[in-house]
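Undergrad: Below is the file final34.cif, with mmCIF, C-alpha atoms.
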```cif
data_upload
#
loop_
_atom_site.label_atom_id
_atom_site.label_comp_id
_atom_site.auth_asym_id
_atom_site.auth_seq_id
_atom_site.Cartn_x
_atom_site.Cartn_y
_atom_site.Cartn_z
CA MET Q 1 -5.28 11.72 -7.54
CA ASN Q 2 -5.05 8.14 -6.41
CA LYS Q 3 -8.34 6.29 -6.22
CA CYS Q 4 -9.46 3.52 -3.94
CA ILE Q 5 -9.27 -0.05 -5.16
CA ASN Q 6 -12.39 -1.47 -6.79
CA VAL Q 7 -14.05 -3.59 -4.13
CA ASN Q 8 -14.70 -6.33 -6.70
CA LYS Q 9 -10.94 -6.92 -6.82
CA LEU Q 10 -11.05 -7.82 -3.14
CA TYR Q 11 -13.69 -10.45 -3.84
CA GLU Q 12 -11.52 -11.81 -6.66
CA GLN Q 13 -8.43 -11.92 -4.44
CA ASP Q 14 -10.15 -13.48 -1.43
CA SER Q 15 -12.66 -16.29 -1.98
CA LYS Q 16 -13.60 -16.22 1.73
CA LEU Q 17 -14.80 -12.64 1.46
CA LYS Q 18 -18.45 -12.95 0.45
CA LYS Q 19 -20.24 -10.14 -1.33
CA ASP Q 20 -23.58 -11.24 0.16
CA GLU Q 21 -22.20 -10.86 3.69
CA VAL Q 22 -20.78 -7.44 2.88
CA LYS Q 23 -24.22 -6.44 1.59
CA ILE Q 24 -25.78 -7.55 4.89
CA LEU Q 25 -23.39 -5.26 6.73
CA LEU Q 26 -24.04 -2.45 4.25
CA VAL Q 27 -27.75 -2.61 5.08
CA TRP Q 28 -26.95 -2.71 8.80
CA CYS Q 29 -24.69 0.36 8.51
CA GLY Q 30 -27.48 2.20 6.76
CA GLN Q 31 -29.68 1.58 9.80
CA GLN Q 32 -27.14 3.17 12.17
CA ARG Q 33 -28.30 6.77 12.11
CA HIS Q 34 -25.18 7.99 13.89
CA PHE Q 35 -22.83 6.54 11.25
CA PRO Q 36 -21.30 8.54 8.40
CA LYS Q 37 -21.91 7.27 4.86
CA VAL Q 38 -20.14 3.91 4.76
CA THR Q 39 -18.80 2.39 1.54
CA GLU Q 40 -18.83 -1.24 0.48
CA LEU Q 41 -15.02 -1.14 0.46
CA GLN Q 42 -14.84 -0.01 4.09
CA ILE Q 43 -17.13 -2.85 5.10
CA ALA Q 44 -15.15 -5.41 3.09
CA LEU Q 45 -11.93 -4.30 4.80
CA ALA Q 46 -13.55 -4.61 8.24
CA LEU Q 47 -15.00 -8.05 7.46
CA HIS Q 48 -11.61 -9.28 6.26
CA ALA Q 49 -9.88 -7.85 9.34
CA CYS Q 50 -12.38 -9.72 11.55
CA TYR Q 51 -11.78 -13.03 9.74
CA TYR Q 52 -15.25 -12.90 8.14
CA SER Q 53 -17.25 -12.69 11.39
CA LEU Q 54 -20.32 -10.51 10.80
CA GLU Q 55 -20.78 -9.68 14.48
CA GLN Q 56 -17.14 -8.82 15.02
CA ALA Q 57 -17.18 -6.67 11.88
CA LYS Q 58 -20.17 -4.75 13.26
CA GLY Q 59 -18.19 -4.11 16.43
CA CYS Q 60 -15.14 -3.07 14.43
CA LEU Q 61 -17.13 -0.55 12.37
CA GLU Q 62 -18.93 0.84 15.44
CA ASN Q 63 -15.65 1.21 17.29
CA TYR Q 64 -13.90 2.70 14.28
CA PHE Q 65 -16.31 5.58 13.72
CA THR Q 66 -16.97 6.18 17.42
CA ILE Q 67 -13.37 6.26 18.63
CA ARG Q 68 -12.30 8.48 15.75
CA GLY Q 69 -15.13 10.86 16.60
CA HIS Q 70 -14.21 11.02 20.28
CA CYS Q 71 -10.46 11.27 19.73
CA LYS Q 72 -10.17 13.92 17.06
CA ASP Q 73 -6.90 15.09 18.59
CA ILE Q 74 -5.45 11.71 17.63
CA PHE Q 75 -7.12 10.98 14.31
CA ILE Q 76 -8.06 14.23 12.61
CA VAL Q 77 -5.19 15.14 10.28
CA LYS Q 78 -4.64 18.68 9.04
CA HIS Q 79 -2.90 19.66 5.85
CA PRO Q 80 0.85 19.37 6.57
CA ASP Q 81 1.38 22.95 5.44
CA ASP Q 82 -0.97 24.06 8.24
CA ASP Q 83 0.42 21.74 10.92
CA PRO Q 84 4.03 22.37 12.00
CA ALA Q 85 3.99 19.36 14.36
CA LEU Q 86 2.95 17.04 11.54
CA ARG Q 87 5.61 18.47 9.21
CA GLN Q 88 8.23 17.97 11.88
CA ALA Q 89 7.18 14.35 12.50
CA MET Q 90 7.37 13.69 8.76
CA ASN Q 91 11.03 14.76 8.92
CA VAL Q 92 11.88 12.73 12.03
CA SER Q 93 10.32 9.28 11.63
CA LEU Q 94 10.06 6.82 8.76
CA LEU Q 95 6.90 4.73 8.45
CA THR Q 96 6.54 2.89 5.17
CA ILE Q 97 4.93 -0.22 3.75
CA LEU Q 98 7.52 -2.03 1.68
CA PRO Q 99 6.70 -3.18 -1.88
CA GLU Q 100 7.17 -6.92 -1.38
CA LYS Q 101 5.08 -9.12 0.91
CA THR Q 102 6.27 -12.00 3.07
CA ASN Q 103 5.90 -15.58 1.88
CA GLU Q 104 2.60 -15.70 3.79
CA GLY Q 105 1.26 -12.70 1.89
CA TYR Q 106 1.69 -10.20 4.73
CA TYR Q 107 2.43 -6.55 4.09
CA ILE Q 108 5.58 -5.33 5.83
CA MET Q 109 5.64 -1.91 7.50
CA LEU Q 110 9.02 -0.57 8.57
CA GLY Q 111 9.38 2.11 11.23
CA LYS Q 112 12.60 3.83 12.31
CA LEU Q 113 14.00 7.14 13.43
CA ILE Q 114 15.68 9.21 10.75
CA ASN Q 115 16.49 12.09 13.10
CA THR Q 116 17.38 10.66 16.50
CA ASN Q 117 17.12 13.92 18.47
CA PRO Q 118 14.50 13.12 21.17
CA ASP Q 119 13.56 16.80 21.44
CA LEU Q 120 12.05 16.55 17.95
CA TYR Q 121 10.25 13.24 18.50
CA ASN Q 122 6.46 13.15 18.86
CA PRO Q 123 5.02 9.63 19.19
CA GLN Q 124 1.48 11.01 19.22
CA ILE Q 125 1.92 12.42 15.71
CA ASP Q 126 3.57 9.17 14.65
CA SER Q 127 0.32 7.43 15.60
CA LYS Q 128 -1.49 9.68 13.11
CA LEU Q 129 1.06 8.85 10.43
CA PHE Q 130 0.77 5.12 11.11
CA ASP Q 131 -3.01 5.28 10.87
CA ILE Q 132 -3.23 7.26 7.65
CA LEU Q 133 -0.42 5.40 5.87
CA VAL Q 134 -1.84 1.97 6.69
CA LEU Q 135 -5.43 2.92 5.90
CA SER Q 136 -4.57 4.58 2.60
CA HIS Q 137 -2.56 1.52 1.58
CA LEU Q 138 -5.42 -0.86 2.39
CA HIS Q 139 -7.95 1.30 0.56
CA GLN Q 140 -5.73 1.54 -2.53
CA GLU Q 141 -3.93 -1.81 -2.65
CA GLY Q 142 -6.26 -4.22 -0.86
CA THR Q 143 -5.93 -6.33 2.22
CA GLY Q 144 -3.15 -8.84 1.70
CA ASN Q 145 -3.27 -11.52 4.38
CA GLY Q 146 -2.27 -9.18 7.18
CA LEU Q 147 0.40 -6.73 8.32
CA VAL Q 148 3.68 -7.25 10.13
CA PHE Q 149 5.34 -4.21 11.67
CA VAL Q 150 9.12 -4.05 11.97
CA MET Q 151 10.36 -1.38 14.37
CA ASP Q 152 14.06 -0.56 14.09
CA MET Q 153 14.98 1.06 17.41
CA LYS Q 154 18.47 2.15 16.37
CA GLY Q 155 19.20 5.61 17.74
CA GLY Q 156 16.49 5.39 20.38
CA VAL Q 157 17.30 6.79 23.83
CA PHE Q 158 15.37 7.03 27.06
CA GLY Q 159 14.44 10.60 26.16
CA HIS Q 160 12.25 9.23 23.36
CA LEU Q 161 10.26 7.17 25.86
CA THR Q 162 9.59 10.19 28.06
CA LYS Q 163 7.77 11.89 25.17
CA LEU Q 164 4.95 9.33 25.36
CA ASN Q 165 1.56 10.66 26.51
CA LEU Q 166 0.07 7.66 28.32
CA GLY Q 167 -3.53 8.83 27.96
CA ILE Q 168 -3.26 9.18 24.19
CA PHE Q 169 -1.20 5.99 23.99
CA LYS Q 170 -3.92 3.98 25.74
CA LYS Q 171 -6.62 5.34 23.44
CA PHE Q 172 -4.62 4.52 20.34
CA LEU Q 173 -3.98 0.97 21.56
CA VAL Q 174 -7.71 0.48 22.19
CA TYR Q 175 -8.34 1.69 18.63
CA LEU Q 176 -5.63 -0.58 17.23
CA GLN Q 177 -7.10 -3.65 18.93
CA THR Q 178 -10.82 -3.04 18.55
CA ALA Q 179 -11.39 -0.69 15.63
CA MET Q 180 -8.62 -0.44 13.04
CA PRO Q 181 -9.57 -2.68 10.08
CA ILE Q 182 -6.30 -4.58 9.87
CA ARG Q 183 -4.98 -7.99 10.75
CA LEU Q 184 -1.91 -7.11 12.77
CA ILE Q 185 0.08 -10.34 12.65
CA ALA Q 186 3.22 -9.40 14.59
CA VAL Q 187 5.31 -6.49 15.85
CA HIS Q 188 9.05 -7.11 15.52
CA PHE Q 189 11.64 -5.02 17.37
CA ILE Q 190 15.22 -4.96 16.08
CA ASN Q 191 18.30 -3.05 17.29
CA VAL Q 192 16.64 -3.22 20.69
CA VAL Q 193 17.38 -0.46 23.20
CA PRO Q 194 18.53 -1.12 26.81
CA PHE Q 195 15.24 0.25 28.21
CA MET Q 196 13.09 -2.21 26.25
CA ASP Q 197 11.86 -3.74 29.51
CA LYS Q 198 10.51 -0.35 30.60
CA LEU Q 199 8.71 0.07 27.29
CA LEU Q 200 7.08 -3.35 27.64
CA ALA Q 201 6.06 -2.54 31.20
CA ILE Q 202 4.25 0.55 29.89
CA VAL Q 203 2.60 -1.30 27.02
CA LYS Q 204 1.44 -4.46 28.80
CA PRO Q 205 -1.42 -2.99 30.89
CA PHE Q 206 -2.99 -1.50 27.77
CA ILE Q 207 -3.09 -4.56 25.51
CA ASN Q 208 -4.73 -7.96 25.73
CA LYS Q 209 -2.87 -11.22 26.02
CA GLU Q 210 -3.25 -12.06 22.33
CA MET Q 211 -1.73 -8.74 21.28
CA PHE Q 212 1.11 -9.01 23.77
CA GLN Q 213 2.04 -12.38 22.31
CA LYS Q 214 2.42 -10.75 18.89
CA ILE Q 215 5.39 -8.71 20.15
CA ILE Q 216 8.67 -10.34 19.11
CA ILE Q 217 11.96 -8.92 20.37
CA HIS Q 218 15.04 -9.86 18.38
CA THR Q 219 18.29 -9.80 20.32
CA HIS Q 220 19.99 -10.67 17.03
CA ASN Q 221 18.61 -8.95 13.95
CA GLU Q 222 19.24 -12.08 11.86
CA ASN Q 223 16.38 -13.77 13.72
CA LEU Q 224 14.00 -11.38 11.96
CA TYR Q 225 14.68 -13.16 8.68
CA ASN Q 226 12.81 -16.21 9.99
CA TYR Q 227 9.68 -14.07 9.72
CA VAL Q 228 10.52 -11.40 7.15
CA PRO Q 229 12.60 -12.44 4.12
CA LEU Q 230 15.83 -10.46 3.94
CA GLU Q 231 15.29 -9.66 0.28
CA CYS Q 232 12.07 -7.76 1.14
CA LEU Q 233 13.95 -5.23 3.26
CA PRO Q 234 15.72 -2.03 2.14
CA SER Q 235 19.27 -2.32 0.87
CA ASP Q 236 20.49 -0.71 4.11
CA TYR Q 237 19.66 -4.04 5.78
CA GLY Q 238 21.14 -6.14 3.00
CA GLY Q 239 17.84 -6.52 1.16
CA LYS Q 240 16.80 -5.90 -2.43
CA ALA Q 241 14.39 -3.01 -1.86
CA ASP Q 242 15.35 0.66 -2.23
CA THR Q 243 17.30 2.51 0.45
CA VAL Q 244 15.73 3.82 3.63
CA GLN Q 245 16.28 7.36 2.39
CA VAL Q 246 14.30 6.64 -0.78
CA TYR Q 247 11.36 5.35 1.26
CA PHE Q 248 11.63 8.33 3.60
CA GLU Q 249 11.11 10.69 0.67
CA LYS Q 250 8.34 8.50 -0.75
CA MET Q 251 6.54 8.56 2.60
CA LYS Q 252 6.39 12.34 2.55
CA GLU Q 253 5.21 12.29 -1.06
CA LYS Q 254 2.51 9.79 -0.19
CA ILE Q 255 1.13 12.03 2.56
CA TYR Q 256 0.81 14.95 0.14
CA ASN Q 257 -0.56 12.74 -2.66
CA ASN Q 258 -3.24 11.39 -0.34
CA LEU Q 259 -4.63 14.63 1.05
CA TRP Q 260 -7.95 13.74 -0.59
CA PHE Q 261 -8.03 10.49 1.40
CA ILE Q 262 -7.07 12.26 4.61
CA GLU Q 263 -9.94 14.72 4.14
CA LEU Q 264 -12.32 11.81 3.57
CA GLN Q 265 -11.12 9.98 6.68
CA ASN Q 266 -11.62 13.13 8.73
CA THR Q 267 -15.37 12.75 8.06
CA MET Q 268 -15.48 9.10 9.19
CA VAL Q 269 -16.88 9.86 12.63
CA THR Q 270 -20.17 9.28 14.42
CA ASP Q 271 -22.79 11.94 15.02
CA GLU Q 272 -23.67 11.21 18.64
CA SER Q 273 -26.74 13.46 18.46
CA LYS Q 274 -28.31 10.89 16.10
CA ARG Q 275 -27.39 7.79 18.12
CA ILE Q 276 -30.34 5.74 19.35
CA GLY Q 277 -29.77 5.00 23.01
CA PRO Q 278 -27.09 6.33 25.37
CA ARG Q 279 -24.41 8.45 23.76
CA LYS Q 280 -20.81 7.35 24.01
CA ASN Q 281 -18.21 9.27 25.97
CA SER Q 282 -14.56 8.82 26.89
CA GLU Q 283 -15.44 6.98 30.09
CA SER Q 284 -17.59 4.41 28.34
CA LEU Q 285 -15.06 4.03 25.54
CA PHE Q 286 -11.86 3.76 27.53
CA GLY Q 287 -12.83 3.35 31.16
CA PHE Q 288 -13.67 0.28 33.22
CA ASP Q 289 -17.26 0.12 32.01
CA GLY Q 290 -18.99 0.66 28.71
CA SER Q 291 -19.36 -1.16 25.44
CA PHE Q 292 -15.64 -1.12 24.67
CA LYS Q 293 -14.15 -4.07 26.52
CA LYS Q 294 -11.53 -3.09 29.05
CA LEU Q 295 -8.12 -4.37 28.09
CA SER Q 296 -7.04 -7.23 30.32
CA VAL Q 297 -3.97 -7.15 32.52
CA ASP Q 298 -2.05 -10.36 32.98
#
```
Would it be possible to restate this file's structure as structure tokens?
TA:
Amino acid sequence: MNKCINVNKLYEQDSKLKKDEVKILLVWCGQQRHFPKVTELQIALALHACYYSLEQAKGCLENYFTIRGHCKDIFIVKHPDDDPALRQAMNVSLLTILPEKTNEGYYIMLGKLINTNPDLYNPQIDSKLFDILVLSHLHQEGTGNGLVFVMDMKGGVFGHLTKLNLGIFKKFLVYLQTAMPIRLIAVHFINVVPFMDKLLAIVKPFINKEMFQKIIIHTHNENLYNYVPLECLPSDYGGKADTVQVYFEKMKEKIYNNLWFIELQNTMVTDESKRIGPRKNSESLFGFDGSFKKLSVD
């Protein structure tokens, strides 16, 4: 069984991450009766993701537990042996964090289709895979300086786009921007499909201006190397890392090896019956009003 990283290693790796400030948040979390039991590591990850702002970290933690509790269809992960849809997604899409970081210290996550049949594609399940793979990596390896996501669209057809559930997609994007304890530095698209403009038109209303500016579309794949060193990529791309197929098998192994972490994350939800004040609901979380800021439309 893999264990989580010792939180003291995070303090050693990051001089800006202050143990005293994490302790302040730990006390605050203990006062939130609707919270699950929160660990010092979880708080440290949130504080790092929020660039050491105590108030923003409070919001991140509140959003994290609340959204996960209200969107169990998105975030609760079953054992793959009991979930045919999850097993199928694990055999269709690759999502993996590569072993080497960028020169800036950013983790690199690569996503691509292994099976390009759109009938088998389920972007909603891919959201679950993205969440659990990123979170397990952060909890076991530490923060790095952020995460860059490289999406290889080779093999994508319009049929893949039609599989998107806009309601679930919006909720996941709210979670990504307000709750997930990561610094998402950039999203790079390579081998871009002809319907990329339609995809951007769908995405834009659901993300804020800052997030939209993190999307980088590469008409020539070589431009990616200005951001992600070629040698960090799999050998299929001319890099020095293992092949895509190797990482595909490792991804599936990682899911099974981290079932203990998945079970733990399934408990990281609020108990609304214990919340002091108005309880949260989908309208207040994702609608025009409520404590979760509505995403701006430019």
Undergrad: Looking at Q:His188, Q:Val150, Q:Tyr227, Q:Gln56, which one is nearest to Phe212 of chain Q, with distances taken over all atoms listed in the file?
TA: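 Distance minimum relative to Phe212 of chain Q lands on Q:His188.
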Undergrad: Specify as a list in words each residue included when the PyMOL selection byres ((chain Q and resi 194) around 12) is applied to this file.
TA: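 Applying the expression gives Met153, Lys154, Gly155, Gly156, Val157, Phe158, Leu161, Ile190, Asn191, Val192, Val193, Phe195, Met196, Asp197, Lys198, Leu199, Leu200 and Thr219 of chain Q.
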Undergrad: Could you tell me, as a PyMOL selection string, exactly which residues end up selected when the PyMOL selection byres ((chain Q and resi 38) around 12) is applied to this structure?
TA: chain Q and resi 22-23+25-37+39-46+61-62+64-65+264-265+267-270
Undergrad: Give me the result of the PyMOL selection byres ((chain Q and resi 178) around 9) on this file, residue by residue, as a PyMOL selection string.
TA: chain Q and resi 59-60+63-64+173-177+179-181+292-293
Undergrad: Using only C-alpha atoms, find the one residue out of Q:Ser53, Q:Thr143, Q:Asn91, Q:Thr102 that sits nearest to Glu12 of chain Q.
TA: Q:Thr143
Undergrad: Restricting the calculation to all atoms listed in the file: of Q:Ile108, Q:Cys71, Q:Leu86, Q:Ile125, which residue gets closest to Ala241 of chain Q?
TA: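 Between Q:Ile108, Q:Cys71, Q:Leu86, Q:Ile125, the residue approaching Ala241 of chain Q most closely is Q:Ile108.
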Undergrad: Would you mind telling me which residue in Q:Glu21, Q:Ile182, Q:Val203, Q:Asn221 lies nearest to Asp131 of chain Q when using all atoms listed in the file?
TA: Q:Ile182
Undergrad: Between Q:Pro118, Q:Leu54, Q:Ser15, Q:Ile132, which is the closest to Met251 of chain Q once you count only C-alpha atoms?
TA: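 Closest to Met251 of chain Q, using only C-alpha atoms: Q:Ile132.
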Undergrad: Would you fill the gaps in segment 62-78 of chain Q so it has N, CA, C and O atoms, then print it as a PDB file, in the coordinates of the input?
TA:
```pdb
ATOM      1  N   GLU Q  62     -18.426  -0.035  14.372  1.00  0.00           N
ATOM      2  CA  GLU Q  62     -18.930   0.840  15.440  1.00  0.00           C
ATOM      3  C   GLU Q  62     -17.780   1.494  16.188  1.00  0.00           C
ATOM      4  O   GLU Q  62     -17.767   2.709  16.429  1.00  0.00           O
ATOM      5  N   ASN Q  63     -16.807   0.688  16.559  1.00  0.00           N
ATOM      6  CA  ASN Q  63     -15.650   1.210  17.290  1.00  0.00           C
ATOM      7  C   ASN Q  63     -14.852   2.198  16.449  1.00  0.00           C
ATOM      8  O   ASN Q  63     -14.373   3.223  16.952  1.00  0.00           O
ATOM      9  N   TYR Q  64     -14.701   1.876  15.183  1.00  0.00           N
ATOM     10  CA  TYR Q  64     -13.900   2.700  14.280  1.00  0.00           C
ATOM     11  C   TYR Q  64     -14.449   4.123  14.197  1.00  0.00           C
ATOM     12  O   TYR Q  64     -13.730   5.103  14.443  1.00  0.00           O
ATOM     13  N   PHE Q  65     -15.722   4.245  13.886  1.00  0.00           N
ATOM     14  CA  PHE Q  65     -16.310   5.580  13.720  1.00  0.00           C
ATOM     15  C   PHE Q  65     -16.434   6.294  15.059  1.00  0.00           C
ATOM     16  O   PHE Q  65     -16.241   7.511  15.138  1.00  0.00           O
ATOM     17  N   THR Q  66     -16.749   5.546  16.121  1.00  0.00           N
ATOM     18  CA  THR Q  66     -16.970   6.180  17.420  1.00  0.00           C
ATOM     19  C   THR Q  66     -15.670   6.678  18.038  1.00  0.00           C
ATOM     20  O   THR Q  66     -15.593   7.818  18.521  1.00  0.00           O
ATOM     21  N   ILE Q  67     -14.648   5.842  18.040  1.00  0.00           N
ATOM     22  CA  ILE Q  67     -13.370   6.260  18.630  1.00  0.00           C
ATOM     23  C   ILE Q  67     -12.777   7.432  17.853  1.00  0.00           C
ATOM     24  O   ILE Q  67     -12.286   8.398  18.450  1.00  0.00           O
ATOM     25  N   ARG Q  68     -12.844   7.368  16.538  1.00  0.00           N
ATOM     26  CA  ARG Q  68     -12.300   8.480  15.750  1.00  0.00           C
ATOM     27  C   ARG Q  68     -13.051   9.777  16.050  1.00  0.00           C
ATOM     28  O   ARG Q  68     -12.462  10.856  16.079  1.00  0.00           O
ATOM     29  N   GLY Q  69     -14.351   9.665  16.290  1.00  0.00           N
ATOM     30  CA  GLY Q  69     -15.130  10.860  16.600  1.00  0.00           C
ATOM     31  C   GLY Q  69     -14.824  11.431  17.965  1.00  0.00           C
ATOM     32  O   GLY Q  69     -14.884  12.653  18.164  1.00  0.00           O
ATOM     33  N   HIS Q  70     -14.484  10.561  18.918  1.00  0.00           N
ATOM     34  CA  HIS Q  70     -14.210  11.020  20.280  1.00  0.00           C
ATOM     35  C   HIS Q  70     -12.736  11.358  20.507  1.00  0.00           C
ATOM     36  O   HIS Q  70     -12.405  11.913  21.562  1.00  0.00           O
ATOM     37  N   CYS Q  71     -11.902  11.028  19.574  1.00  0.00           N
ATOM     38  CA  CYS Q  71     -10.460  11.270  19.730  1.00  0.00           C
ATOM     39  C   CYS Q  71      -9.939  12.041  18.511  1.00  0.00           C
ATOM     40  O   CYS Q  71      -8.992  11.611  17.837  1.00  0.00           O
ATOM     41  N   LYS Q  72     -10.559  13.157  18.238  1.00  0.00           N
ATOM     42  CA  LYS Q  72     -10.170  13.920  17.060  1.00  0.00           C
ATOM     43  C   LYS Q  72      -8.752  14.457  17.171  1.00  0.00           C
ATOM     44  O   LYS Q  72      -8.087  14.687  16.160  1.00  0.00           O
ATOM     45  N   ASP Q  73      -8.272  14.636  18.417  1.00  0.00           N
ATOM     46  CA  ASP Q  73      -6.900  15.090  18.590  1.00  0.00           C
ATOM     47  C   ASP Q  73      -5.902  14.049  18.102  1.00  0.00           C
ATOM     48  O   ASP Q  73      -4.770  14.377  17.722  1.00  0.00           O
ATOM     49  N   ILE Q  74      -6.327  12.785  18.087  1.00  0.00           N
ATOM     50  CA  ILE Q  74      -5.450  11.710  17.630  1.00  0.00           C
ATOM     51  C   ILE Q  74      -5.611  11.455  16.132  1.00  0.00           C
ATOM     52  O   ILE Q  74      -4.626  11.254  15.417  1.00  0.00           O
ATOM     53  N   PHE Q  75      -6.858  11.495  15.644  1.00  0.00           N
ATOM     54  CA  PHE Q  75      -7.120  10.980  14.310  1.00  0.00           C
ATOM     55  C   PHE Q  75      -7.407  12.028  13.243  1.00  0.00           C
ATOM     56  O   PHE Q  75      -7.268  11.738  12.053  1.00  0.00           O
ATOM     57  N   ILE Q  76      -7.829  13.205  13.623  1.00  0.00           N
ATOM     58  CA  ILE Q  76      -8.060  14.230  12.610  1.00  0.00           C
ATOM     59  C   ILE Q  76      -6.715  14.775  12.149  1.00  0.00           C
ATOM     60  O   ILE Q  76      -5.904  15.225  12.959  1.00  0.00           O
ATOM     61  N   VAL Q  77      -6.477  14.732  10.855  1.00  0.00           N
ATOM     62  CA  VAL Q  77      -5.190  15.140  10.280  1.00  0.00           C
ATOM     63  C   VAL Q  77      -5.385  16.414   9.468  1.00  0.00           C
ATOM     64  O   VAL Q  77      -6.221  16.460   8.568  1.00  0.00           O
ATOM     65  N   LYS Q  78      -4.603  17.432   9.788  1.00  0.00           N
ATOM     66  CA  LYS Q  78      -4.640  18.680   9.040  1.00  0.00           C
ATOM     67  C   LYS Q  78      -3.704  18.590   7.827  1.00  0.00           C
ATOM     68  O   LYS Q  78      -2.882  17.689   7.723  1.00  0.00           O
TER      69      LYS Q  78
END
```
